[in-house]
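One file, data_5.txt, is given below (compact mmCIF, C-alpha atoms).
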# COMPACT_ATOMS: atom_id res chain seq x y z
CA MET Y 1497 25.88 11.62 -28.68
CA ASP Y 1498 27.11 8.76 -30.87
CA ARG Y 1499 24.63 8.17 -33.73
CA SER Y 1500 24.35 4.43 -33.09
CA LEU Y 1501 23.75 5.06 -29.40
CA ALA Y 1502 21.02 7.56 -30.21
CA VAL Y 1503 19.37 5.04 -32.55
CA ASN Y 1504 19.52 2.35 -29.85
CA LEU Y 1505 18.03 4.68 -27.25
CA ARG Y 1506 15.24 5.65 -29.62
CA ALA Y 1507 14.50 2.00 -30.35
CA GLU Y 1508 14.52 1.20 -26.63
CA ASN Y 1509 12.08 4.03 -25.92
CA GLU Y 1510 9.80 2.85 -28.71
CA ILE Y 1511 9.77 -0.67 -27.22
CA LYS Y 1512 8.96 0.77 -23.79
CA ALA Y 1513 6.14 2.86 -25.23
CA SER Y 1514 4.74 -0.14 -27.07
CA ARG Y 1515 4.88 -2.30 -23.95
CA ALA Y 1516 3.28 0.41 -21.83
CA MET Y 1517 0.49 0.83 -24.39
CA ALA Y 1518 -0.14 -2.91 -24.37
CA ASN Y 1519 -0.14 -3.41 -20.60
CA LEU Y 1520 -1.36 -0.21 -18.95
CA LEU Y 1521 -5.09 -0.33 -18.36
CA SER Y 1522 -5.17 3.44 -17.93
CA SER Y 1523 -3.94 3.88 -21.52
CA ALA Y 1524 -6.09 1.22 -23.16
CA PRO Y 1525 -9.34 1.98 -24.99
CA SER Y 1526 -12.46 1.39 -22.91
CA ARG Y 1527 -13.76 -2.17 -23.19
CA ALA Y 1528 -17.37 -3.26 -23.60
CA THR Y 1529 -16.64 -6.69 -22.13
CA LEU Y 1530 -14.13 -8.04 -19.62
CA PRO Y 1531 -11.38 -10.18 -21.16
CA ASP Y 1532 -11.45 -13.76 -19.87
CA CYS Y 1533 -8.00 -13.43 -18.27
CA PHE Y 1534 -9.47 -10.99 -15.71
CA VAL Y 1535 -12.37 -13.22 -14.66
CA PHE Y 1536 -11.86 -14.83 -11.24
CA PRO Y 1537 -13.66 -18.00 -10.15
CA PRO Y 1538 -16.66 -17.21 -7.90
CA ASP Y 1539 -14.98 -18.67 -4.80
CA GLN Y 1540 -12.14 -16.14 -5.19
CA ARG Y 1541 -14.44 -13.10 -5.32
CA PRO Y 1542 -17.08 -13.60 -2.62
CA PRO Y 1543 -19.44 -10.63 -2.28
CA ALA Y 1544 -19.17 -8.17 0.60
CA SER Y 1545 -21.23 -8.77 3.70
CA SER Y 1546 -24.47 -6.89 4.23
CA GLN Y 1547 -23.42 -6.30 7.85
CA ALA Y 1548 -23.52 -2.68 8.93
CA VAL Y 1549 -19.92 -2.66 10.19
CA SER Y 1550 -17.98 0.59 9.98
CA LEU Y 1551 -14.34 1.20 10.73
CA PRO Y 1552 -13.79 3.37 13.82
CA VAL Y 1553 -12.99 7.00 12.97
CA ILE Y 1554 -10.50 8.38 15.50
CA ASP Y 1555 -10.00 12.11 16.01
CA LEU Y 1556 -6.27 12.56 16.71
CA SER Y 1557 -6.84 16.07 18.09
CA ARG Y 1558 -8.53 14.74 21.22
CA GLY Y 1559 -6.78 14.01 24.52
CA ARG Y 1560 -3.79 11.66 24.35
CA ASP Y 1561 -5.18 9.09 26.77
CA GLU Y 1562 -8.47 8.89 24.83
CA VAL Y 1563 -6.68 8.64 21.48
CA ARG Y 1564 -4.26 5.99 22.76
CA ARG Y 1565 -7.12 3.80 23.99
CA ALA Y 1566 -9.09 4.29 20.77
CA VAL Y 1567 -6.13 3.40 18.52
CA LEU Y 1568 -5.25 0.30 20.52
CA ASP Y 1569 -8.85 -0.90 20.81
CA ALA Y 1570 -9.53 -0.42 17.09
CA GLY Y 1571 -6.24 -2.06 16.18
CA ARG Y 1572 -7.00 -5.08 18.36
CA GLU Y 1573 -10.64 -5.45 17.26
CA LEU Y 1574 -10.44 -4.80 13.51
CA GLY Y 1575 -6.81 -4.19 12.57
CA PHE Y 1576 -8.12 -1.23 10.56
CA PHE Y 1577 -9.36 2.22 11.51
CA GLN Y 1578 -9.55 5.74 10.10
CA VAL Y 1579 -7.95 8.88 11.52
CA VAL Y 1580 -8.98 12.52 11.09
CA ASN Y 1581 -7.50 15.81 12.34
CA HIS Y 1582 -4.11 14.18 11.88
CA GLY Y 1583 -2.10 17.26 10.93
CA VAL Y 1584 -1.70 16.67 7.19
CA SER Y 1585 -3.38 19.66 5.60
CA ALA Y 1586 -6.46 19.33 3.41
CA GLU Y 1587 -4.53 21.23 0.74
CA ALA Y 1588 -1.65 18.70 0.76
CA ILE Y 1589 -4.15 15.84 0.47
CA ARG Y 1590 -6.15 17.54 -2.28
CA ASP Y 1591 -3.01 18.38 -4.28
CA MET Y 1592 -1.67 14.83 -3.91
CA GLU Y 1593 -4.91 13.26 -5.11
CA ALA Y 1594 -5.17 15.69 -8.04
CA ALA Y 1595 -1.55 15.20 -9.19
CA CYS Y 1596 -1.85 11.41 -9.04
CA GLU Y 1597 -5.09 11.39 -10.99
CA GLU Y 1598 -3.52 13.70 -13.56
CA PHE Y 1599 -0.53 11.36 -13.92
CA PHE Y 1600 -2.74 8.49 -15.00
CA ARG Y 1601 -4.52 10.71 -17.51
CA LEU Y 1602 -1.24 11.40 -19.32
CA PRO Y 1603 -0.85 9.86 -22.78
CA ALA Y 1604 0.91 6.49 -22.74
CA GLU Y 1605 3.94 7.88 -24.56
CA GLU Y 1606 4.51 10.39 -21.74
CA LYS Y 1607 4.36 7.66 -19.10
CA ALA Y 1608 6.35 5.10 -21.09
CA ALA Y 1609 9.81 6.18 -19.94
CA PHE Y 1610 8.85 5.35 -16.36
CA TYR Y 1611 7.20 2.02 -17.19
CA SER Y 1612 9.09 -1.07 -16.03
CA GLU Y 1613 8.40 -4.72 -15.28
CA ASP Y 1614 11.61 -4.96 -13.21
CA THR Y 1615 10.38 -5.59 -9.65
CA GLY Y 1616 13.80 -4.57 -8.30
CA LYS Y 1617 13.39 -0.95 -9.42
CA PRO Y 1618 12.31 1.24 -6.49
CA ASN Y 1619 10.62 3.83 -8.70
CA ARG Y 1620 8.48 2.64 -11.56
CA LEU Y 1621 5.10 2.48 -13.25
CA PHE Y 1622 3.65 -0.96 -13.82
CA SER Y 1623 0.40 -2.79 -14.36
CA SER Y 1624 -1.04 -5.65 -12.38
CA THR Y 1625 -1.88 -7.20 -15.71
CA THR Y 1626 1.72 -8.42 -15.70
CA TYR Y 1627 1.27 -10.39 -12.46
CA GLU Y 1628 -0.65 -13.59 -12.79
CA LEU Y 1629 -2.48 -15.45 -10.02
CA GLY Y 1630 -3.01 -18.79 -11.66
CA CYS Y 1631 -4.55 -17.76 -14.98
CA GLU Y 1632 -6.23 -14.57 -13.76
CA LYS Y 1633 -5.02 -10.99 -13.83
CA TYR Y 1634 -6.28 -8.14 -11.71
CA TRP Y 1635 -7.49 -4.69 -12.70
CA ARG Y 1636 -4.93 -2.11 -11.53
CA ASP Y 1637 -2.11 0.14 -12.69
CA CYS Y 1638 0.38 1.34 -10.09
CA LEU Y 1639 2.93 4.14 -9.76
CA ARG Y 1640 5.47 3.26 -7.06
CA LEU Y 1641 7.79 5.89 -5.58
CA ALA Y 1642 10.56 5.37 -3.03
CA CYS Y 1643 11.00 8.34 -0.71
CA GLY Y 1644 14.29 8.56 1.15
CA SER Y 1645 15.17 10.87 4.02
CA PRO Y 1646 15.36 13.70 3.36
CA VAL Y 1647 12.79 13.33 0.62
CA GLY Y 1648 14.40 16.02 -1.51
CA ASP Y 1649 17.40 13.75 -2.13
CA THR Y 1650 15.28 11.18 -3.97
CA LYS Y 1651 12.65 13.19 -5.82
CA ASN Y 1652 14.77 13.56 -8.97
CA ASN Y 1653 14.17 9.84 -9.55
CA TRP Y 1654 10.40 10.41 -9.78
CA PRO Y 1655 8.43 11.28 -12.94
CA ASP Y 1656 8.73 14.90 -14.05
CA LYS Y 1657 5.12 14.98 -15.31
CA PRO Y 1658 2.69 16.32 -14.34
CA GLN Y 1659 4.73 19.43 -13.71
CA LYS Y 1660 4.06 19.71 -9.96
CA LEU Y 1661 4.12 16.01 -9.11
CA ARG Y 1662 7.54 16.01 -7.43
CA GLU Y 1663 6.77 19.09 -5.37
CA VAL Y 1664 3.35 17.77 -4.33
CA VAL Y 1665 4.66 14.34 -3.29
CA GLU Y 1666 7.45 15.92 -1.25
CA LYS Y 1667 4.98 18.14 0.63
CA PHE Y 1668 2.69 15.16 1.25
CA VAL Y 1669 5.02 12.36 2.27
CA GLU Y 1670 6.89 13.96 5.17
CA PRO Y 1671 3.83 14.94 7.28
CA THR Y 1672 2.15 11.65 6.38
CA ARG Y 1673 5.15 9.71 7.66
CA GLY Y 1674 4.89 11.84 10.79
CA VAL Y 1675 1.31 10.64 11.35
CA GLY Y 1676 2.45 7.04 11.01
CA MET Y 1677 5.26 7.55 13.51
CA GLU Y 1678 2.89 9.17 16.01
CA LEU Y 1679 0.49 6.23 15.68
CA LEU Y 1680 3.37 3.83 16.36
CA ARG Y 1681 4.27 5.84 19.49
CA LEU Y 1682 0.68 5.67 20.70
CA LEU Y 1683 0.58 1.92 20.13
CA CYS Y 1684 3.86 1.50 22.02
CA GLU Y 1685 2.50 3.44 24.98
CA GLY Y 1686 -0.64 1.30 25.00
CA MET Y 1687 1.31 -1.98 24.85
CA GLY Y 1688 3.90 -1.05 27.49
CA LEU Y 1689 6.81 -0.54 25.09
CA ARG Y 1690 8.99 2.53 25.31
CA PRO Y 1691 7.43 5.22 23.06
CA ASP Y 1692 10.42 5.38 20.70
CA TYR Y 1693 10.69 1.59 20.22
CA PHE Y 1694 10.00 1.84 16.46
CA GLU Y 1695 12.15 4.90 15.82
CA GLY Y 1696 15.54 4.57 14.18
CA ASP Y 1697 16.39 1.58 12.00
CA LEU Y 1698 13.03 -0.18 12.51
CA THR Y 1699 11.42 2.62 10.49
CA GLY Y 1700 14.60 3.74 8.73
CA GLY Y 1701 13.89 2.37 5.27
CA ASP Y 1702 12.47 4.36 2.38
CA VAL Y 1703 8.86 5.39 2.70
CA ILE Y 1704 7.12 3.73 -0.23
CA ILE Y 1705 4.20 5.42 -2.00
CA ASN Y 1706 1.93 3.21 -4.10
CA VAL Y 1707 -0.50 5.17 -6.25
CA ASN Y 1708 -3.07 2.55 -7.25
CA HIS Y 1709 -5.25 3.35 -10.23
CA TYR Y 1710 -8.33 1.26 -11.04
CA PRO Y 1711 -9.89 2.31 -14.37
CA PRO Y 1712 -13.62 1.80 -14.99
CA CYS Y 1713 -14.25 -1.92 -15.40
CA PRO Y 1714 -16.89 -3.43 -17.71
CA ALA Y 1715 -17.78 -6.22 -15.22
CA PRO Y 1716 -16.82 -5.34 -11.63
CA GLY Y 1717 -18.57 -8.40 -10.20
CA LEU Y 1718 -16.29 -10.76 -12.10
CA THR Y 1719 -12.83 -9.45 -11.24
CA LEU Y 1720 -10.69 -7.81 -8.54
CA GLY Y 1721 -8.62 -4.64 -8.44
CA LEU Y 1722 -6.30 -6.26 -5.89
CA PRO Y 1723 -6.62 -9.77 -4.48
CA PRO Y 1724 -6.89 -10.48 -0.74
CA HIS Y 1725 -3.55 -9.72 0.87
CA CYS Y 1726 -1.79 -8.44 3.98
CA ASP Y 1727 0.77 -5.65 3.81
CA ARG Y 1728 4.46 -6.44 4.20
CA ASN Y 1729 5.53 -3.35 6.13
CA LEU Y 1730 4.98 -1.97 9.65
CA ILE Y 1731 2.07 0.42 9.19
CA THR Y 1732 0.12 1.72 6.18
CA LEU Y 1733 -1.76 5.00 5.73
CA LEU Y 1734 -4.17 5.09 2.80
CA LEU Y 1735 -5.97 7.91 1.04
CA GLN Y 1736 -8.69 5.70 -0.29
CA SER Y 1737 -10.54 8.02 -2.74
CA THR Y 1738 -14.15 9.15 -2.70
CA VAL Y 1739 -14.95 6.25 -5.04
CA PRO Y 1740 -15.61 3.12 -2.93
CA GLY Y 1741 -13.57 0.00 -3.47
CA LEU Y 1742 -11.59 -1.01 -0.36
CA GLN Y 1743 -12.92 -4.05 1.51
CA VAL Y 1744 -11.58 -5.53 4.76
CA SER Y 1745 -11.83 -9.07 6.07
CA TYR Y 1746 -13.95 -9.24 9.23
CA LYS Y 1747 -15.09 -12.42 10.97
CA GLY Y 1748 -15.10 -14.45 7.78
CA ASP Y 1749 -16.83 -11.80 5.65
CA TRP Y 1750 -15.78 -8.77 3.63
CA ILE Y 1751 -16.93 -5.33 4.77
CA ASN Y 1752 -16.91 -2.13 2.72
CA VAL Y 1753 -14.82 0.79 3.96
CA GLU Y 1754 -16.71 4.06 3.82
CA SER Y 1755 -14.98 7.14 2.48
CA VAL Y 1756 -14.38 9.87 5.09
CA PRO Y 1757 -13.16 13.27 3.79
CA ASN Y 1758 -9.46 13.96 4.46
CA ALA Y 1759 -9.10 10.76 6.49
CA PHE Y 1760 -6.34 8.16 6.38
CA VAL Y 1761 -7.32 4.50 6.55
CA VAL Y 1762 -4.73 2.85 8.80
CA ASN Y 1763 -3.77 -0.81 8.96
CA PHE Y 1764 -0.90 -2.91 10.28
CA GLY Y 1765 1.59 -4.91 8.23
CA HIS Y 1766 3.03 -8.37 8.89
CA LEU Y 1767 6.17 -6.85 10.40
CA LEU Y 1768 4.19 -5.08 13.12
CA GLU Y 1769 2.47 -8.37 13.95
CA ILE Y 1770 5.88 -10.04 14.30
CA ALA Y 1771 7.31 -7.17 16.38
CA THR Y 1772 4.32 -7.21 18.77
CA ASN Y 1773 4.36 -11.02 19.02
CA GLY Y 1774 0.87 -11.22 17.58
CA PHE Y 1775 -0.65 -8.64 19.95
CA LEU Y 1776 -1.57 -6.63 16.84
CA LYS Y 1777 -2.66 -8.44 13.69
CA SER Y 1778 -2.17 -7.80 9.99
CA ILE Y 1779 -5.61 -8.14 8.39
CA GLU Y 1780 -6.39 -9.15 4.83
CA HIS Y 1781 -7.99 -6.61 2.53
CA ARG Y 1782 -8.79 -6.33 -1.18
CA ALA Y 1783 -9.77 -3.76 -3.80
CA MET Y 1784 -12.90 -3.96 -5.93
CA THR Y 1785 -13.55 -2.19 -9.23
CA ASN Y 1786 -16.24 0.20 -10.44
CA ALA Y 1787 -18.18 0.15 -13.71
CA ALA Y 1788 -18.56 3.89 -14.15
CA LEU Y 1789 -15.76 5.62 -12.27
CA ALA Y 1790 -11.99 5.38 -12.08
CA ARG Y 1791 -10.59 5.10 -8.56
CA THR Y 1792 -7.14 6.32 -7.53
CA SER Y 1793 -5.86 5.60 -4.02
CA VAL Y 1794 -2.55 6.56 -2.39
CA ALA Y 1795 -0.93 4.12 0.05
CA THR Y 1796 2.00 5.21 2.23
CA PHE Y 1797 4.09 2.34 3.64
CA ILE Y 1798 6.51 2.83 6.54
CA MET Y 1799 9.35 0.31 6.24
CA PRO Y 1800 12.42 -0.81 8.19
CA ALA Y 1801 15.96 -0.66 6.89
CA ALA Y 1802 16.85 -3.67 4.75
CA ASP Y 1803 19.33 -5.47 7.03
CA ILE Y 1804 17.62 -4.83 10.38
CA PRO Y 1805 16.52 -7.90 12.41
CA ILE Y 1806 12.85 -7.86 13.34
CA GLY Y 1807 11.43 -10.16 15.99
CA PRO Y 1808 9.06 -10.10 18.95
CA ALA Y 1809 9.84 -7.27 21.39
CA GLU Y 1810 11.39 -8.63 24.58
CA GLU Y 1811 8.89 -6.66 26.67
CA LEU Y 1812 6.01 -8.61 25.06
CA VAL Y 1813 7.53 -12.04 25.65
CA CYS Y 1814 7.40 -14.00 28.92
CA GLU Y 1815 7.07 -17.56 30.18
CA GLY Y 1816 3.33 -17.49 29.69
CA ASN Y 1817 3.60 -15.74 26.32
CA PRO Y 1818 6.65 -17.17 24.49
CA PRO Y 1819 7.83 -15.86 21.11
CA ARG Y 1820 5.38 -16.81 18.36
CA TYR Y 1821 7.52 -15.67 15.42
CA ARG Y 1822 11.14 -16.08 14.47
CA THR Y 1823 13.44 -13.10 14.08
CA VAL Y 1824 14.23 -12.17 10.48
CA THR Y 1825 15.85 -9.32 8.62
CA PHE Y 1826 13.61 -7.27 6.36
CA ASP Y 1827 15.55 -8.55 3.33
CA GLU Y 1828 14.87 -12.16 4.33
CA PHE Y 1829 11.24 -11.37 5.07
CA MET Y 1830 10.78 -9.89 1.60
CA ARG Y 1831 12.39 -12.88 -0.12
CA VAL Y 1832 9.99 -15.24 1.65
CA TYR Y 1833 7.00 -12.92 1.15
CA LYS Y 1834 7.59 -12.84 -2.61
CA THR Y 1835 7.85 -16.64 -2.66
CA VAL Y 1836 4.83 -17.64 -0.58
CA GLY Y 1837 2.52 -14.78 -1.59
CA ALA Y 1838 0.69 -12.13 0.41
CA ARG Y 1839 -2.13 -14.22 1.91
CA ARG Y 1840 -2.16 -14.11 5.69
CA GLU Y 1841 -2.11 -17.87 6.21
CA SER Y 1842 0.91 -18.39 3.96
CA VAL Y 1843 3.03 -15.63 5.52
CA GLU Y 1844 2.08 -16.59 9.07
CA LYS Y 1845 3.05 -20.21 8.41
CA ALA Y 1846 6.43 -19.12 7.01
CA PHE Y 1847 7.44 -17.12 10.10
CA LYS Y 1848 5.59 -18.66 13.02
CA LEU Y 1849 7.56 -20.77 15.51

Let me see the structure of the file written as structure tokens.
Amino acid sequence: MDRSLAVNLRAENEIKASRAMANLLSSAPSRATLPDCFVFPPDQRPPASSQAVSLPVIDLSRGRDEVRRAVLDAGRELGFFQVVNHGVSAEAIRDMEAACEEFFRLPAEEKAAFYSEDTGKPNRLFSSTTYELGCEKYWRDCLRLACGSPVGDTKNNWPDKPQKLREVVEKFVEPTRGVGMELLRLLCEGMGLRPDYFEGDLTGGDVIINVNHYPPCPAPGLTLGLPPHCDRNLITLLLQSTVPGLQVSYKGDWINVESVPNAFVVNFGHLLEIATNGFLKSIEHRAMTNAALARTSVATFIMPAADIPIGPAEELVCEGNPPRYRTVTFDEFMRVYKTVGARRESVEKAFKL
């Protein structure tokens, strides 16, 4: 290698390491107080409701008719539910959680090469401290991985540490995508769409894995791990951690989501709301922080191909129920989503007819 090139690469890596050290919460020394930039106004962090509302827990091993009704009813009522006995092994889940937690325990210099503030990079490590909402920042680091099909063709673009991370992600993502596809088939059957309506290009994009890491926070009541938002994809499956933190909007309040061993928390993205002409809704949710414990969750997003038009299914449109949303490509949707933000009202206004 040319000497000057080697010097430049070394300097570039040192800059990356320095930036990662400065921005990654998981690599920063523990703080006794919360910096002012993380403090949200009280009206932006209302407390959770005291209502005893639990998400439905659906056993996917039961009879198909029973499961179909349960999935559709829960989706219509809450927009969120949990599934168990879904076919992803407890070992695959355990290994995935362990590898992701280990990744965030790595020294900053070992994570630095993967750190990037370029939002166009499909695989990267970043911190929510680099995204500002007004003057506030939120308390999260995130490892994002794009998983193509077959997954093995893309895993070389993922971090090589911890040692088994690539192998573990590959064994986790394919069966997890399978659960998402089966849930979409069940929803189609319940709504009167052909079962394979969402197969092919509508779910042909990369599966995106977001590993969200929320370090212990010195003042959880003053900040947010993630602000209220709706997802941008079709359907999301979340391993939410044994440490509580996920909250879901319900009838004007926020309800806590209980942790169920080996369960996926399932919710619908904006694109599924558009495709079902509003029959299914994308519901806002947020992440809270914890004073004593780190929380690491794993979100799996099923996405369409970039240039595929998405609009209300013809079978769900009639004279008495006209189209409520305009047809857009996923690329166009993402451009608008990044402009208007992830709040439900803003996105709905941008795409509603």

Would you tabulate, counting only C-alpha atoms, all residues of range 1552-1607 of chain Y that have an atom at most 9 Å from an atom of range 1701-1724 of chain Y, showing the closest pair of atoms and their distance in Å to one decimal, sorted by chain then ascending number, as a Markdown table?
| residue | atom | partner | partner_atom | distance |
| --- | --- | --- | --- | --- |
| Y:Cys1596 | CA | Y:Val1707 | CA | 7.0 |
| Y:Glu1597 | CA | Y:His1709 | CA | 8.1 |
| Y:Phe1600 | CA | Y:His1709 | CA | 7.4 |

Worksheet item: Which is closest to Ala1783 in chain Y among Y:Gly1686, Y:Pro1658, Y:Gly1741, Y:Gly1837, if we use all atoms listed in the file?
Response: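 Distance minimum relative to Ala1783 in chain Y lands on Y:Gly1741.
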
Worksheet item: Restricting the calculation to all atoms listed in the file, which member of Y:Arg1620, Y:Lys1651, Y:Arg1572, Y:Arg1558 is positioned closest to Ser1778 in chain Y?
Response: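 Closest residue, counting all atoms listed in the file: Y:Arg1572.
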
Worksheet item: Suppose you want the space between CA of Phe1760 in chain Y and CA of Thr1732 in chain Y; what is it in Å?
Response: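 Here the two named atoms are 9.1 Å from each other.
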
Item to complete: Return the single residue from Y:Pro1671, Y:Pro1542, Y:Pro1646, Y:Gly1748 that is closest to Ala1588 in chain Y, with distances computed using only C-alpha atoms.
Response: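 Selected residue with least distance to Ala1588 in chain Y: Y:Pro1671.
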
Practice prompt. Compare Y:Pro1691, Y:Gln1659, Y:Glu1632, Y:Asn1817 by their minimum atom-to-atom distance to Arg1541 in chain Y, counting only C-alpha atoms, and give me the closest one.
Written response: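 Counting only C-alpha atoms, the residue closest to Arg1541 in chain Y is Y:Glu1632.
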
Discussion item. Report, in Å to a single decimal, how far apart CA of Asn1653 in chain Y and CA of Ala1790 in chain Y are.
Written reply: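 Answer for the CA of Ala1790 in chain Y to CA of Asn1653 in chain Y separation: 26.7 Å.
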
Fill in: Option closest in space to Asp1697 in chain Y, from Y:Cys1643, Y:Val1744, Y:Leu1789, Y:Ile1804 [counting all atoms listed in the file]
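The closest residue to Asp1697 in chain Y is Y:Ile1804.
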
Response to the item:
Students should find that CA of Lys1834 in chain Y and CA of Thr1699 in chain Y are spaced 20.6 Å

Practice prompt. Please identify all polymer residues within 10 Å of Trp1750 in chain Y, counting all atoms listed in the file, omitting same-chain residues fewer than 4 positions from it, and present them as a PyMOL selection string.
Written response: chain Y and resi 1542-1547+1549+1742-1746+1780-1782

Is it possible to get the residues within 12 Å of (8.8, 9.4, 3.5) (coordinates as in the file, counting all atoms listed in the file) written as a PDB file with C-alpha atoms, keeping the file's coordinate frame?
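Below is the file point16.pdb, written as the result:
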ATOM      1  CA  LEU Y1641       7.790   5.890  -5.580  1.00  0.00           C
ATOM      2  CA  ALA Y1642      10.560   5.370  -3.030  1.00  0.00           C
ATOM      3  CA  CYS Y1643      11.000   8.340  -0.710  1.00  0.00           C
ATOM      4  CA  GLY Y1644      14.290   8.560   1.150  1.00  0.00           C
ATOM      5  CA  SER Y1645      15.170  10.870   4.020  1.00  0.00           C
ATOM      6  CA  PRO Y1646      15.360  13.700   3.360  1.00  0.00           C
ATOM      7  CA  VAL Y1647      12.790  13.330   0.620  1.00  0.00           C
ATOM      8  CA  GLY Y1648      14.400  16.020  -1.510  1.00  0.00           C
ATOM      9  CA  ASP Y1649      17.400  13.750  -2.130  1.00  0.00           C
ATOM     10  CA  THR Y1650      15.280  11.180  -3.970  1.00  0.00           C
ATOM     11  CA  LYS Y1651      12.650  13.190  -5.820  1.00  0.00           C
ATOM     12  CA  VAL Y1665       4.660  14.340  -3.290  1.00  0.00           C
ATOM     13  CA  GLU Y1666       7.450  15.920  -1.250  1.00  0.00           C
ATOM     14  CA  LYS Y1667       4.980  18.140   0.630  1.00  0.00           C
ATOM     15  CA  PHE Y1668       2.690  15.160   1.250  1.00  0.00           C
ATOM     16  CA  VAL Y1669       5.020  12.360   2.270  1.00  0.00           C
ATOM     17  CA  GLU Y1670       6.890  13.960   5.170  1.00  0.00           C
ATOM     18  CA  PRO Y1671       3.830  14.940   7.280  1.00  0.00           C
ATOM     19  CA  THR Y1672       2.150  11.650   6.380  1.00  0.00           C
ATOM     20  CA  ARG Y1673       5.150   9.710   7.660  1.00  0.00           C
ATOM     21  CA  GLY Y1674       4.890  11.840  10.790  1.00  0.00           C
ATOM     22  CA  VAL Y1675       1.310  10.640  11.350  1.00  0.00           C
ATOM     23  CA  GLY Y1676       2.450   7.040  11.010  1.00  0.00           C
ATOM     24  CA  MET Y1677       5.260   7.550  13.510  1.00  0.00           C
ATOM     25  CA  THR Y1699      11.420   2.620  10.490  1.00  0.00           C
ATOM     26  CA  GLY Y1700      14.600   3.740   8.730  1.00  0.00           C
ATOM     27  CA  GLY Y1701      13.890   2.370   5.270  1.00  0.00           C
ATOM     28  CA  ASP Y1702      12.470   4.360   2.380  1.00  0.00           C
ATOM     29  CA  VAL Y1703       8.860   5.390   2.700  1.00  0.00           C
ATOM     30  CA  ILE Y1704       7.120   3.730  -0.230  1.00  0.00           C
ATOM     31  CA  ILE Y1705       4.200   5.420  -2.000  1.00  0.00           C
ATOM     32  CA  ASN Y1706       1.930   3.210  -4.100  1.00  0.00           C
ATOM     33  CA  THR Y1732       0.120   1.720   6.180  1.00  0.00           C
ATOM     34  CA  LEU Y1733      -1.760   5.000   5.730  1.00  0.00           C
ATOM     35  CA  ALA Y1795      -0.930   4.120   0.050  1.00  0.00           C
ATOM     36  CA  THR Y1796       2.000   5.210   2.230  1.00  0.00           C
ATOM     37  CA  PHE Y1797       4.090   2.340   3.640  1.00  0.00           C
ATOM     38  CA  ILE Y1798       6.510   2.830   6.540  1.00  0.00           C
ATOM     39  CA  MET Y1799       9.350   0.310   6.240  1.00  0.00           C
ATOM     40  CA  PRO Y1800      12.420  -0.810   8.190  1.00  0.00           C
TER      41      PRO Y1800
END

Worksheet item: Counting only C-alpha atoms, which of Y:Arg1601, Y:His1725, Y:His1766, Y:Lys1633 gets nearest to Phe1534 in chain Y?
Response: Y:Lys1633

Per-axis box centre and lengths in Å around range 1807-1811 of chain Y, 6 Å margin per side, axis-aligned, as AutoDock Vina command-line options:
--center_x 10.2 --center_y -8.4 --center_z 21.3 --size_x 14.5 --size_y 15.5 --size_z 22.7

Fill in: Spatial sel., origin (-5.1, 16.1, -2.4), limit 12 Å, only C-alpha atoms, listed as an NGL selection string
:Y and (1584-1598 or 1661 or 1664-1665 or 1667-1669 or 1735-1738 or 1757-1760 or 1792-1794)

Worksheet entry | Contact residues around Ile1806 in chain Y with all atoms listed in the file at 8 Å, ignoring same-chain residues under 4 positions, as JSON, numbers by chain | {"Y": [1698, 1767, 1770, 1771, 1823, 1824, 1825, 1826]}

Discussion item. List the spatial neighbours of Ile1554 in chain Y as a list in words - criterion: any atom at most 8 Å away, only C-alpha atoms, same-chain residues fewer than 2 positions off excluded.
Written reply: Pro1552, Leu1556, Val1563, Ala1566, Val1567, Phe1577, Gln1578, Val1579 and Val1580 of chain Y
